[in-house]
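See below for the structure under consideration.
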Amino acid sequence: MLVFWQQLVNGLVTGADYILLALGLSLVFGVLRVVNFAHGEYFMLGGLAGYVATGPLGLPYPVAVLIAIAVGALAGMVTDIAFVRPLRGKSEEAVFISTFGLSFVILYGVDLATGDSERSVNGAASGSLHLGAIIIENQQLVTVGMVVVAVGLVVALLRGSRIGTQIRAVAQDSYAAELVGIKVGRVFSVTFAIGGALGALAGVAISPLTSVNPFTGQTELITAFVIVVAGGMASMAGTAAVALCLGVAEAMVNTYLPSGDGSYTDYVFLVLVLLLRPNGLFSRSRGALGGATSVAAGG
Amino acid sequence: MRALAGLTSRRSEASVPAGSTDLLEVLDVWGGYGSGDVIRGATFTVPASGVVGLVGPNGAGKTTLLRGISGQFSFRSGQVRYAGRDLGSQRPDRRAHQGIAHVPQGRRLFPDLTVTENLEVACGVFMGREAGRQRISELSELFPIISERGRQKAGTLSGGEQQMVAIARGLVGRPALLLLDEPSLGLAPAFIARVVDLLKDLVAAGQTVLLAEQNVGVASALCTHLNVVNRGAVTDSGPADEILGGQAMQSVYFGAGG
Amino acid sequence: MTANIKRIGSARAIDRRGAANAGVRVVVLAVALLVPLYAGSSFDLQLAELVVIYGILAVTARFMMIDAGLLAFSQIGFFAIGSYAALISVQDTGSLWPGFAVAVVGSALLALIVALLSLRLRGFFFAIFTLAFTSLVGLTANQLSFAGGSNGVQIEVPTMAPFGSLGSYDSIYWATVVVAAVVLVILERLGHGPIGLVLRASRDNEAFARGIGLAPLRQRTAAFIYCSVAASIAGVMFGLYFEFISPDSVSLEQVLLVLVMALVGGSGYFWAPFIGAAVFEVVPSLVSVSQSVIWLVAGALMALLVLVAPGGVVGLLVGGYHRLRGVSDGRPQPSEGPVVSAMDEVTRLAGPRLPAPGSAVIGGNGRSLRAEDIKVSYGGVNALSGVSFEVRGGGEFIGLVGANGSGKTTMVNVLSGFVPATSGRVLLGDTDLRRLPPERRAARGLVRTFQDGAAFRTLDIPECLDTVTVAQSRWALLVRRLRRDRRVDNVPASAISGGARQLLMIAMALARKPDFVILDEPTTALGAEESRRVIALLRQAKASGISAIIIEHHFDVVTELCDRVCVLDHGQLLAEGTPAEVAKNPSVIEAFLGTMGAVYDVGIGVGQRSPDIKLSADTQRSPDSRLTTDGQPKVAP
């Protein structure tokens with residue numbers, strides 16, 4: 001029983017991190033209506049930045065986090081300008097293929113530059129908290145704290161800032177937004193930058209608790225897809241709930257199933273959702289069957 | 001009239017060069033989107049401070065013309081000249097900054113933004129936060145709905161209420177040229193009257209308007225000059241009473257001879 | 001955009017794209033056959049084997065992606081299933097055939113299941129579903145002990161009776177070549193036949209395809225199953241030759257590899273993926289670089305191809321060749337032979353397929369199309385609030401008229417089956433059409449066109465008309481194809497004028513010989529001359545007994561063609577009657593011309609004006625003219 005609660009805690013921490021990951025992907029989809037296959041690589045880049053900053057550069061963890069965010073934002077903007085914008089007007093599969101290729105460029109670029117090995121990141125806090133027999137590492141609290149702050153900032157940005165309102169307007173009606181005088185192309189780039197930053201933050205936030213290697217992006221991508229599809233791309237609350245559930249489910253599968261493989265959880269979850277509720281678990285509007293509203297637009 | 005004057009004073013960017021009285025000239029434009037040419041050689045002008053109407057049945061190309069003027073797509077050939085200069089293939093946001101505001105068919109407010117946010121986002125394009133707030137309060141004098149329903153999500157308003165907000169949104173940047181696409185469409189008759197009255201006030205204060213309307217009554221109530229659009233071209237053009245009394249309207253709407 | 005089709009005369013006309021394709025096919029075949037003769041070492045043969053195997057995977061992937069419009073990540077999954085089945089079978093039973101049977105049948109069943117579950121989903125979701133499938137195959141193989149777990153299966157393929165010395169690499173190579181040739185040539189033929197036609201048509205314009213009675217889902221499922229089984233067979237051959245398979249073969253990298261091979265050669269050419277396979281198998285062996293570099297280049301190439309050069313290698317070669325010769329990229333060039341207008345060409349080709357004018361009797365054949373109290377509402381909006389009308393068979397034409405947002409399009413979508421009604425019935429004769437999808441309604445005699453006038457972009461005129469034949473019966477198509485004049489070089493529908501395309505779309509609907517046709521704004525975006533042609537065609541249809549519902553804004557067209565007119569306003573039927581009656585109806589005039597209380601008497605005559613018309617300056621203001629929402633008068637500024 002103790003194991004259960006311990007794994008629940010671990011799963012919730014992972015799940016919280018997933019919220020950041022999925023939010024980035026969902027934002028881009030909601031505003032640009034494209035799916036970015038390279039999104040998982042932002043996560044990997046974030047973790048990598050964390051490693052490089054705290055390891056060889058010896059910088060403190062908070063600085064590493066800022067560097068990771070910057071790296072992610074830059075990667076997002078480059079993705080938009082070079083790999084998505086030229087394809088505007090073409091089929092959605094075209095963007096999918098283009099970013100699929102990009103993901104490999106990033107992944108193997110890093111692999112060639114740094115070599116494929118597991119590395120660890122020095123986090124902000126060591127030591128742990130004991131709740132009865134359950135151990136909560138301080139770093140886990142830091143991670144969750146970062147998630148809460150980041151989500152709060154994003155919500156504040158979307159609701160309260162000029163660019164945030166523009167993003168919401170473009171997500172709701174890009175035709176009208178253009179007529180009103182909004183530079184829609186710029187909004188797209190900013191959105192992609194935010195998506196990249198969130199992905200990278202997810203990577204650097206969890207990196208002290210796990211190890212960092214060039215291939216994490218691929219697994220995280222599937223996780224992100226699952227959450228975004230299941231969350232219905234329609235509400236923040238829905239996405240958050242799915243993210244947490246998935247984190248916990250993975251932890252449980254890993255622990256309790258013999259030779260359990262957490263990855264199974266993701267795929268099975270995805271298949272079930274696509275079969276039973278293709279619109280996502282929380283969406284009232286069309287999702288997999290056509291059209292979608294989004295976290296950005298109104299959630 | 002003072003409030004209205006402040007509301008609708010023109011931006012200097014759009015001053016008409018000497019020697020010409022036309023704010024907008026559409027010259028032999030062809031084009032459309034997708035498979036065919038919806039617009040086939042349309043030509044007309046809009047004088048500064050004029051109120052010009054495009055009338056004709058649906059499918060004639062009125063909306064397409066407005067969309068081409070505001071830059072949503074480029075005409076295949078022909079010219080659109082604004083304040084004496086060829087607009088070329090400028091994007092809509094550029095044209096908005098030059099003083100062309102397009103209130104689209106069906107209003108197209110941002111449904112999940114509040115009324116105030118709809119205006120704020122338009123303000124943000126032209127001015128800073130403080131100036132924006134001032135502008136919105138100016139506009140709410142002419143459009144009380146702004147202060148009455150400011151916090152309501154725009155998607156929950158009725159058609160007529162949305163139309164008011166949409167026109168206000170178009171006026172935010174003090175445009176020299178206001179393009180209105182079928183403002184009466186889908187509106188209950190009582191609201192049509194209100195919208196017409198509002199537009200009359202704007203026109204009286206000097207706003208240049210190009211109005212596309214299927215509803216000839218609305219067009220005739222506002223416009224001094226009408227262009228009849230049929231199959232993508234302007235088939236008849238002249239002062240409103242001439243056009244209304246002539247054969248053009250009958251044949252275009254109900255076939256020759258009724 | 002050329003308005004005319006230029007018909008190139010006699011024997012010199014060639015189909016340039018088909019020629020390029022045939023060229024690639026010959027080269028591939030030649031190389032495949034010659035390689036064993038010149039293979040210096042077993043390594044060379046191994047490369048060749050890989051090229052052929054990946055060629056199968058890439059060609060089928062390209063076919064699905066480009067011709068069928070399906071981006072599928074499942075080829076590698078089925079490939080692995082084939083390999084595992086073959087090797088486990090040899091290992092446990094000593095014979096290949098059980099494994100082969102399991103591979104083929106099992107893959108077909110799995111593919112059918114995957115298709116049933118996911119083909120209805122939008123592009124991205126379908127792709128993710130197939131990716132999940134592939135990953136699950138790998139994960140499962142990793143778990144199963146009889147599949148060797150993470151170590152995979154490694155065996156020695158023994159000599160087997162029917163094949164004699166199958167143990168030799170040479171004979172496996174030949175077997176692979178034969179298998180590849182058979183599987184792919186069949187696919188190519190299928191692609192040229194009715195299945196390929198339907199796939200491409202529904203990729204171009206799915207709604208219209210269904211509107212004339214094609215059922216794209218069936219063909220896509222068939223294509224998906226065939227390609228998946230082909231991938232599985234490729235896996236069997238791989239297992240035989242390399243005698244090893246493991247879960248590591250199922251990876252995102254392999255998925256990328258197959259896709260980039262499919263695209264590098266040229267996305268528009270059937271055999272070009274072999275070039276991609278050759279590039280990615282041969283080049284790395286010549287240059288000593290690490291695997292990581294290869295994957296990096298593959299990813300970059302894939303993105304670049306989509307961004308910059310969708311034509312791929314073959315596309316570049318063909319383009320270069322034509323540029324050298326001073327002609328454009330394969331479009332037909334003016335040469336001898338008469339220059340023909342596109343509209344004439346449509347009329348000439350479609351003419352024989354249209355029903356002949358006979359003695360049409362409205363209501364004569366008994367069946368009528370009835371809408372009973374149709375209500376449609378979504379999201380709190382009432383698009384239609386109880387509309388009823390009837391169209392009699394035998395040549396009655398009803399005009400459906402109304403402002404934007406009046407509900408005309410919704411009504412037509414309900415009648416044709418694209419949108420379900422919230423309540424009310426649509427009856428064709430005595431049959432309630434509820435729940436029947438558009439393609440089934442077409443089979444019962446109700447077809448429709450669309451106002452975008454797009455027809456099928458990449459198909460030429462004869463092919464467009466052939467899709468109608470397919471919708472009616474497949475066998476008729478084969479006969480007609482044999483008689484087709486292959487020397488005539490026609491342009492795709494996207495290159496002819498909009499008017500000709502609209503005419504074509506209507507002709508296609510009429511060629512289906514329906515009882516009822518729904519025409520969505522047939523003369524919008526057409527000039528006067530083009531409209532006349534369309535009207536003439538519709539008159540001919542009317543005379544032959546086809547009834548129609550026409551959405552039209554041009555009242556002159558309505559007056560010319562329609563027996564009756566239904567006027568919709570705000571989701572309700574405002575008026576119904578002959579065009580003349582409706583034009584005089586005060587409520588209709590009010591709704592359209594909107595004189596706000598004045599009466600505009602259309603019957604007065606030219607030049608006269610009713611004295612009640614008010615002009616801009618002196619129109620009466622309505623009572624609560626100020627703008628507050630609570631009715632209080634506003635203080636003047």
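Naming scheme: A, B, ... for chains in displayed order of the structure tokens; residues 1 onward per chain; ligands 1 onward as shown.
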TODO: Name the residues in contact with A:Trp5 at a cut-off of 12 Å, using only C-alpha atoms, excluding same-chain residues fewer than 5 positions from it; report them as a ChimeraX atom specification.
DONE: /A:10-12,131-136,248,251-252,255
TODO: Please give the complete set of residues from stretch 29-177 of chain A that DSSP, run on the backbone, assigns to helix (DSSP H, G or I), formatted as a ChimeraX atom specification.
DONE: /A:29-32,39-54,61-87,92-114,138-160,162-172,174-177
- [ ] For B:Val234, work out the shell of residues within 9 Å, counting only C-alpha atoms and skipping chain neighbours fewer than 6 positions away, then give it as a list in words.
- [x] Arg40, Gly41, Ala42, Thr43, Phe44, Leu54, Asn227 and Val228 of chain B
For N, CA and C atoms, I'd like the residues from the last selection saved as a compact mmCIF listing (two decimals), in the first residue's frame.
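Saved the output as part-v8.txt:
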# COMPACT_ATOMS: atom_id res chain seq x y z
N ARG B 40 -15.25 40.39 -62.71
CA ARG B 40 -14.85 40.47 -64.11
C ARG B 40 -14.89 41.91 -64.58
N GLY B 41 -13.81 42.62 -64.35
CA GLY B 41 -13.72 43.97 -64.90
C GLY B 41 -14.63 44.95 -64.19
N ALA B 42 -14.53 45.01 -62.86
CA ALA B 42 -15.36 45.97 -62.12
C ALA B 42 -14.62 47.30 -61.99
N THR B 43 -15.36 48.38 -62.16
CA THR B 43 -14.77 49.72 -62.05
C THR B 43 -15.74 50.64 -61.34
N PHE B 44 -15.25 51.31 -60.31
CA PHE B 44 -16.07 52.34 -59.66
C PHE B 44 -15.16 53.17 -58.76
N LEU B 54 -22.72 49.41 -53.07
CA LEU B 54 -22.66 48.34 -54.07
C LEU B 54 -23.92 47.50 -53.84
N ASN B 227 -23.79 51.67 -57.13
CA ASN B 227 -23.26 50.89 -58.23
C ASN B 227 -23.97 49.54 -58.22
N VAL B 228 -24.54 49.18 -59.36
CA VAL B 228 -25.20 47.89 -59.45
C VAL B 228 -24.19 46.86 -59.90
TODO: Find the residue from C:Arg564, C:Val534, C:Val401, C:Ser423 that sits nearest to chain B; use only C-alpha atoms when measuring.
DONE: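 Using only C-alpha atoms, chain B sits closest to C:Val401.
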Open item on the list: When you look at stretch 81-91 of chain B with a cut-off of 12 Å (counting only C-alpha atoms), what residues show up, excluding the ones that are within fewer than 2 positions of it in the same chain? I need them as a VMD selection string.
Closed with: (chain A and resid 178 to 185) or (chain B and resid 12 to 29 43 to 48 67 to 79 93 to 100 176 to 177)
Task: Distance of atom CA of B:Leu199 from atom CA of B:Leu222, expressed in Å to one decimal place - done: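 Separation of atom CA of B:Leu222 and atom CA of B:Leu199: 7.5 Å.
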TODO: Please return, as a ChimeraX atom specification, all residues of chain C lying within 6 Å of chain A when only C-alpha atoms are considered.
DONE: /C:121-122,132,292,296,299-300,302-303
Task: Picked from stretch 32-272 of chain A by DSSP as strand (DSSP E or B), as a list in words - done: Arg119, Ser128, Leu129, His130, Leu131, Ile134, Ile135, Ile136, Glu137 and Val212 of chain A
Task: Between atom CA of A:Ile67 and atom CA of A:Val190 - distance in Å to one decimal - done: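 Result for atom CA of A:Val190 versus atom CA of A:Ile67: 17.7 Å, one decimal.
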